[in-house]
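Asker: Structure incoming, see below.
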Amino acid sequence: MSVDHRRSTPPASTNGGEQSALVEQLDALAEAYGNRFLLERAPDNQLPQRGMRAVEAMRLIGEDLVVDGIPMRNLATFVTTWMEPEAQRVIAENLHRNFIDHAEYPQTAEIEQRCIRMLADLFHAPGETTGARTQGSSEAIMLGALSLKWKWRERREQAGQATDRPNLVFGGDVHVVWEKFCRYFDVEPRIIPLQPHKYTIGPEDVEPHVDENTIGVAAVLGTTFTGHADDIVGINDLLVRLRDEKGLDVPLHVDGASGGFVWPFLYPESAWDFRLEQVRSINVSGHKYGLVYPGIGWLVFRERSDLAEDLVFYENYLGKTDATFTLNFSTGSAMVLAQYYNFVRFGHEGYRYIMETMQANARSLADRIKQSSDFRLVGEEGAEQLPLVAFQLDGEHPYDEFDIASQLAAERGWMVPAYTLPPNAQHVTILRALVKLTLGHTLASTLADDIAQACETLAKKGGLHELDRKRVKTGTGY
């Protein structure tokens, strides 16, 4: 039990002077051996009156974090949880470098542009283009959608038409940031509901929602729910037809937050990017399958003209005129440099090998789960998909997917999310395990064994108490 010796009351047999001397002695010992933080409550509501030694502050934070989940057992998160020691050194040595200060750190700005050019080439941009690094795909989506709105307004004004009712079309399989954009920037969201048998969207779903006020359509490459992709080719073909037949020039933005670093290496022949003529912008998360710690994202435009010029600010900052297109300003350079480190460290061949490794382990885990009579996999076998396994219970059981997730957390510390799908498929419950580099073949086999053991336990004792079910991770991951 921790003792706050500064607040303790002296025993009746001890006078104040003796107690004060005891406190001083304890303070001296704690100072000498670096354990004072063990005798005090963690500072909470206000700054402490006095500080502590550096090693004690470090240990205090470490003691607090032991109750957090273990990142490598978090099979819900898409975010990178391990990087090479050399990459960590690059990060540590550049945390103090303010990325936005291009006048003082011009080479850092050049490295950002190298990354953008490499991504534009990876996504088959037809020529010179532009883009931006961001804190993650959420900022990239906000910026990309803002450009869609500005370009739509520009076209409407040139045609002498009203600009007061913009709308944006996307499916219920998108990240919540798309709804945030619509609310924050006064755009009508036209959300296509999912179906119990269909968890992505296609052209037949999109067409009824598109009109002259549509600023763009968003399609997802690798949904957080099942890891599959919208029918991007079909949606592009629809938009081409609407442009040619009705004069509605509606651009397509691809949300490749997760899939943008997967499809080019696992499915290189699959057209989803700038090979499709209505795809005007793409976002991707470097801190997901780009293999960088959070937070880093990227926004790439098809052509320079796809970025609305009114959204670019030119300013003299610390002696240099810079063009900025960002919602954030000051930020560290470390993750930009870490992304470039990965690009030059792995190259195309290395990224392909890493993605194939994760895919192989995902398929191995899927095979193990499929062998059980308790589960069925979600989605068509052989479909293009992120390296993950989405599955659900098959048949009648005295427990459900949320019980399994809770049992796995309680017994083995696995964070496997259980969740329901968006409307109109909200009654469909799914378990999903992401297979990243930190889940190798042996651990994937261990996870399969643990899932089977959890089912055996639940079959004997039934579903968990509601209090136990609160352990379940119900988010789809970030």
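Letters A, B, ... go to the chains of the structure tokens in the order shown; residues in each chain start at 1; ligands are counted from 1 in the same order.
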Mind dumping a table of every stretch 58-114 of chain A residue within 12 Å of stretch 235-258 of chain A, with the nearest atom pair and its distance in Å to one decimal, using only C-alpha atoms, sorted by chain and rising number, as CSV?
Answerer:
residue,atom,partner,partner_atom,distance
A:Thr77,CA,A:Ser258,CA,10.9
A:Phe78,CA,A:Ser258,CA,7.4
A:Val79,CA,A:Ser258,CA,9.2
A:Thr80,CA,A:Ser258,CA,11.2
Asker: For the selection you just gave me, I'd like the residues written to a file as a short mmCIF file (atom, residue, chain, number, x, y, z; two decimals), in the first residue's frame, keeping C-alpha atoms.
Answerer:
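Once written, result_35.cif looks like this:
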data_model
loop_
_atom_site.label_atom_id
_atom_site.label_comp_id
_atom_site.auth_asym_id
_atom_site.auth_seq_id
_atom_site.Cartn_x
_atom_site.Cartn_y
_atom_site.Cartn_z
CA THR A 77 -5.56 -1.00 -34.39
CA PHE A 78 -4.32 -0.40 -37.92
CA VAL A 79 -1.58 1.83 -36.55
CA THR A 80 2.07 0.72 -36.59
#
Asker: May I have all residues of stretch 75-210 of chain A that DSSP, computed from the backbone, assigns to helix (DSSP H, G or I), given as JSON, numbers by chain?
Answerer: {"A": [85, 86, 87, 88, 89, 90, 91, 92, 106, 107, 108, 109, 110, 111, 112, 113, 114, 115, 116, 117, 118, 119, 120, 121, 122, 137, 138, 139, 140, 141, 142, 143, 144, 145, 146, 147, 148, 149, 150, 151, 152, 153, 154, 155, 156, 157, 158, 177, 178, 179, 180, 181, 182, 183, 184, 203, 204, 205, 206, 207, 208, 209]}
Asker: Taking 3 positions as the minimum chain separation for residues in the same chain, which residues sit within 12 Å of A:Gln113 when counting only C-alpha atoms? Answer as a VMD selection string.
Answerer: chain A and resid 102 106 to 110 116 to 120 128 to 133 298 to 300 336 to 337 339 to 340
Asker: With only C-alpha atoms as the counted atoms, please give the residues lying no more than 8 Å from A:His287, apart from itself and same-chain residues fewer than 4 positions off, as a PDB file with N, CA, C and O atoms, in the first residue's frame.
Answerer:
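Output file part_12.pdb is given in full below:
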ATOM      1  N   VAL A  79      -2.756   0.980 -36.695  1.00  0.00           N
ATOM      2  CA  VAL A  79      -1.576   1.828 -36.548  1.00  0.00           C
ATOM      3  C   VAL A  79      -0.339   0.996 -36.232  1.00  0.00           C
ATOM      4  O   VAL A  79      -0.392   0.010 -35.491  1.00  0.00           O
ATOM      5  N   THR A  80       0.794   1.409 -36.772  1.00  0.00           N
ATOM      6  CA  THR A  80       2.068   0.716 -36.591  1.00  0.00           C
ATOM      7  C   THR A  80       2.483   0.706 -35.122  1.00  0.00           C
ATOM      8  O   THR A  80       2.446   1.748 -34.451  1.00  0.00           O
ATOM      9  N   GLY A 136      -2.360  12.643 -40.276  1.00  0.00           N
ATOM     10  CA  GLY A 136      -2.953  11.331 -40.498  1.00  0.00           C
ATOM     11  C   GLY A 136      -3.966  11.455 -41.616  1.00  0.00           C
ATOM     12  O   GLY A 136      -4.133  12.529 -42.210  1.00  0.00           O
ATOM     13  N   LEU A 291       3.845   1.747 -42.347  1.00  0.00           N
ATOM     14  CA  LEU A 291       4.787   1.168 -41.378  1.00  0.00           C
ATOM     15  C   LEU A 291       5.521   2.199 -40.534  1.00  0.00           C
ATOM     16  O   LEU A 291       6.619   1.944 -40.033  1.00  0.00           O
ATOM     17  N   VAL A 292       4.911   3.373 -40.332  1.00  0.00           N
ATOM     18  CA  VAL A 292       5.495   4.435 -39.517  1.00  0.00           C
ATOM     19  C   VAL A 292       4.637   4.623 -38.265  1.00  0.00           C
ATOM     20  O   VAL A 292       3.419   4.452 -38.295  1.00  0.00           O
ATOM     21  N   TYR A 293       5.292   4.990 -37.150  1.00  0.00           N
ATOM     22  CA  TYR A 293       4.549   5.311 -35.932  1.00  0.00           C
ATOM     23  C   TYR A 293       3.619   6.506 -36.188  1.00  0.00           C
ATOM     24  O   TYR A 293       3.887   7.332 -37.071  1.00  0.00           O
ATOM     25  N   PRO A 294       2.535   6.659 -35.405  1.00  0.00           N
ATOM     26  CA  PRO A 294       1.649   7.820 -35.577  1.00  0.00           C
ATOM     27  C   PRO A 294       2.353   9.103 -35.112  1.00  0.00           C
ATOM     28  O   PRO A 294       3.191   9.064 -34.221  1.00  0.00           O
ATOM     29  N   GLY A 295       2.001  10.273 -35.727  1.00  0.00           N
ATOM     30  CA  GLY A 295       1.028  10.339 -36.773  1.00  0.00           C
ATOM     31  C   GLY A 295       1.596  10.948 -38.049  1.00  0.00           C
ATOM     32  O   GLY A 295       2.185  12.017 -38.017  1.00  0.00           O
ATOM     33  N   ILE A 296       1.295  10.280 -39.144  1.00  0.00           N
ATOM     34  CA  ILE A 296       1.699  10.767 -40.454  1.00  0.00           C
ATOM     35  C   ILE A 296       0.702  10.267 -41.500  1.00  0.00           C
ATOM     36  O   ILE A 296       0.342   9.084 -41.511  1.00  0.00           O
ATOM     37  N   GLY A 297       0.207  11.187 -42.302  1.00  0.00           N
ATOM     38  CA  GLY A 297      -0.674  10.847 -43.409  1.00  0.00           C
ATOM     39  C   GLY A 297      -0.251  11.618 -44.644  1.00  0.00           C
ATOM     40  O   GLY A 297       0.587  12.526 -44.573  1.00  0.00           O
TER      41      GLY A 297
END
Asker: Please identify all polymer residues within 8 Å of A:Leu365, counting only C-alpha atoms, omitting same-chain residues fewer than 5 positions from it, and present them as a ChimeraX atom specification.
Answerer: /A:389,444-445,448
Asker: Just the residues within 8 Å of A:Ala366, please, counting only C-alpha atoms, with nothing from its chain fewer than 3 positions along; format it as a compact mmCIF listing (two decimals) with all heavy atoms, in the first residue's frame.
Answerer:
# COMPACT_ATOMS: atom_id res chain seq x y z
N ALA A 362 -2.17 -13.95 -42.38
CA ALA A 362 -3.63 -13.76 -42.28
C ALA A 362 -4.36 -14.95 -42.86
O ALA A 362 -5.36 -15.43 -42.30
CB ALA A 362 -4.03 -12.47 -43.00
N ARG A 363 -3.88 -15.46 -43.98
CA ARG A 363 -4.53 -16.63 -44.60
C ARG A 363 -4.37 -17.86 -43.72
O ARG A 363 -5.28 -18.69 -43.63
CB ARG A 363 -3.94 -16.86 -45.99
CG ARG A 363 -4.43 -15.83 -47.00
CD ARG A 363 -3.75 -15.99 -48.35
NE ARG A 363 -4.33 -15.08 -49.35
CZ ARG A 363 -3.82 -14.89 -50.56
NH1 ARG A 363 -2.73 -15.56 -50.94
NH2 ARG A 363 -4.42 -14.05 -51.40
N ILE A 369 -9.23 -20.73 -38.37
CA ILE A 369 -10.56 -20.35 -37.89
C ILE A 369 -11.64 -21.05 -38.72
O ILE A 369 -12.66 -21.50 -38.19
CB ILE A 369 -10.72 -18.82 -37.95
CG1 ILE A 369 -9.82 -18.16 -36.89
CG2 ILE A 369 -12.18 -18.41 -37.72
CD1 ILE A 369 -9.80 -16.65 -36.95
N LYS A 370 -11.40 -21.16 -40.02
CA LYS A 370 -12.38 -21.79 -40.91
C LYS A 370 -12.55 -23.28 -40.61
O LYS A 370 -13.62 -23.86 -40.83
CB LYS A 370 -11.93 -21.58 -42.36
CG LYS A 370 -12.95 -21.98 -43.41
CD LYS A 370 -12.55 -21.46 -44.77
CE LYS A 370 -11.18 -21.94 -45.17
NZ LYS A 370 -10.82 -21.54 -46.56
N LEU A 377 -16.11 -17.24 -42.17
CA LEU A 377 -15.40 -16.02 -42.55
C LEU A 377 -16.35 -15.04 -43.21
O LEU A 377 -17.35 -15.43 -43.82
CB LEU A 377 -14.25 -16.34 -43.50
CG LEU A 377 -13.18 -17.30 -42.98
CD1 LEU A 377 -12.10 -17.51 -44.04
CD2 LEU A 377 -12.55 -16.78 -41.69
N VAL A 389 -8.40 -10.87 -40.72
CA VAL A 389 -9.40 -11.94 -40.74
C VAL A 389 -10.66 -11.41 -40.07
O VAL A 389 -10.64 -11.05 -38.89
CB VAL A 389 -8.91 -13.21 -40.02
CG1 VAL A 389 -9.95 -14.31 -40.13
CG2 VAL A 389 -7.57 -13.67 -40.59
Asker: Set out as a tab-separated table a contact list for stretch 298-392 of chain A and stretch 418-428 of chain A with a cut-off of 12 Å, giving each residue of stretch 298-392 of chain A that qualifies its closest atom pair and distance in Å to one decimal, counting only C-alpha atoms, ordered by chain and rising residue number.
Answerer:
residue	atom	partner	partner_atom	distance
A:Val378	CA	A:Val428	CA	10.5
A:Ala390	CA	A:Ala418	CA	9.9
A:Phe391	CA	A:Ala418	CA	9.8
A:Gln392	CA	A:Val428	CA	8.8
Asker: Restricting the calculation to only C-alpha atoms: of A:Tyr184, A:Phe343, A:Phe225, A:Tyr353, which residue gets closest to A:Lys198?
Answerer: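 Closest to A:Lys198 of all the choices is A:Phe225.
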Asker: I'd like the neighbourhood of A:Phe170 as a list in words, where a residue qualifies if any of its atoms comes within 6 Å (using only C-alpha atoms), though same-chain residues fewer than 4 positions away should be ignored.
Answerer: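 Those residues are Ile191, Val217 and Ala218 of chain A.
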Asker: Those residues you just picked out, can you put them in a file as a PDB file, in the first residue's frame with N, CA, C and O atoms?
Answerer:
ATOM      1  N   ILE A 191     -25.281   9.572 -47.220  1.00  0.00           N
ATOM      2  CA  ILE A 191     -24.660   8.331 -46.770  1.00  0.00           C
ATOM      3  C   ILE A 191     -25.446   7.143 -47.306  1.00  0.00           C
ATOM      4  O   ILE A 191     -26.647   7.014 -47.062  1.00  0.00           O
ATOM      5  N   VAL A 217     -17.595  12.117 -54.838  1.00  0.00           N
ATOM      6  CA  VAL A 217     -17.939  10.814 -54.276  1.00  0.00           C
ATOM      7  C   VAL A 217     -16.681  10.264 -53.607  1.00  0.00           C
ATOM      8  O   VAL A 217     -15.582  10.365 -54.160  1.00  0.00           O
ATOM      9  N   ALA A 218     -16.837   9.699 -52.424  1.00  0.00           N
ATOM     10  CA  ALA A 218     -15.718   9.077 -51.710  1.00  0.00           C
ATOM     11  C   ALA A 218     -15.885   7.568 -51.747  1.00  0.00           C
ATOM     12  O   ALA A 218     -16.958   7.038 -51.453  1.00  0.00           O
TER      13      ALA A 218
END
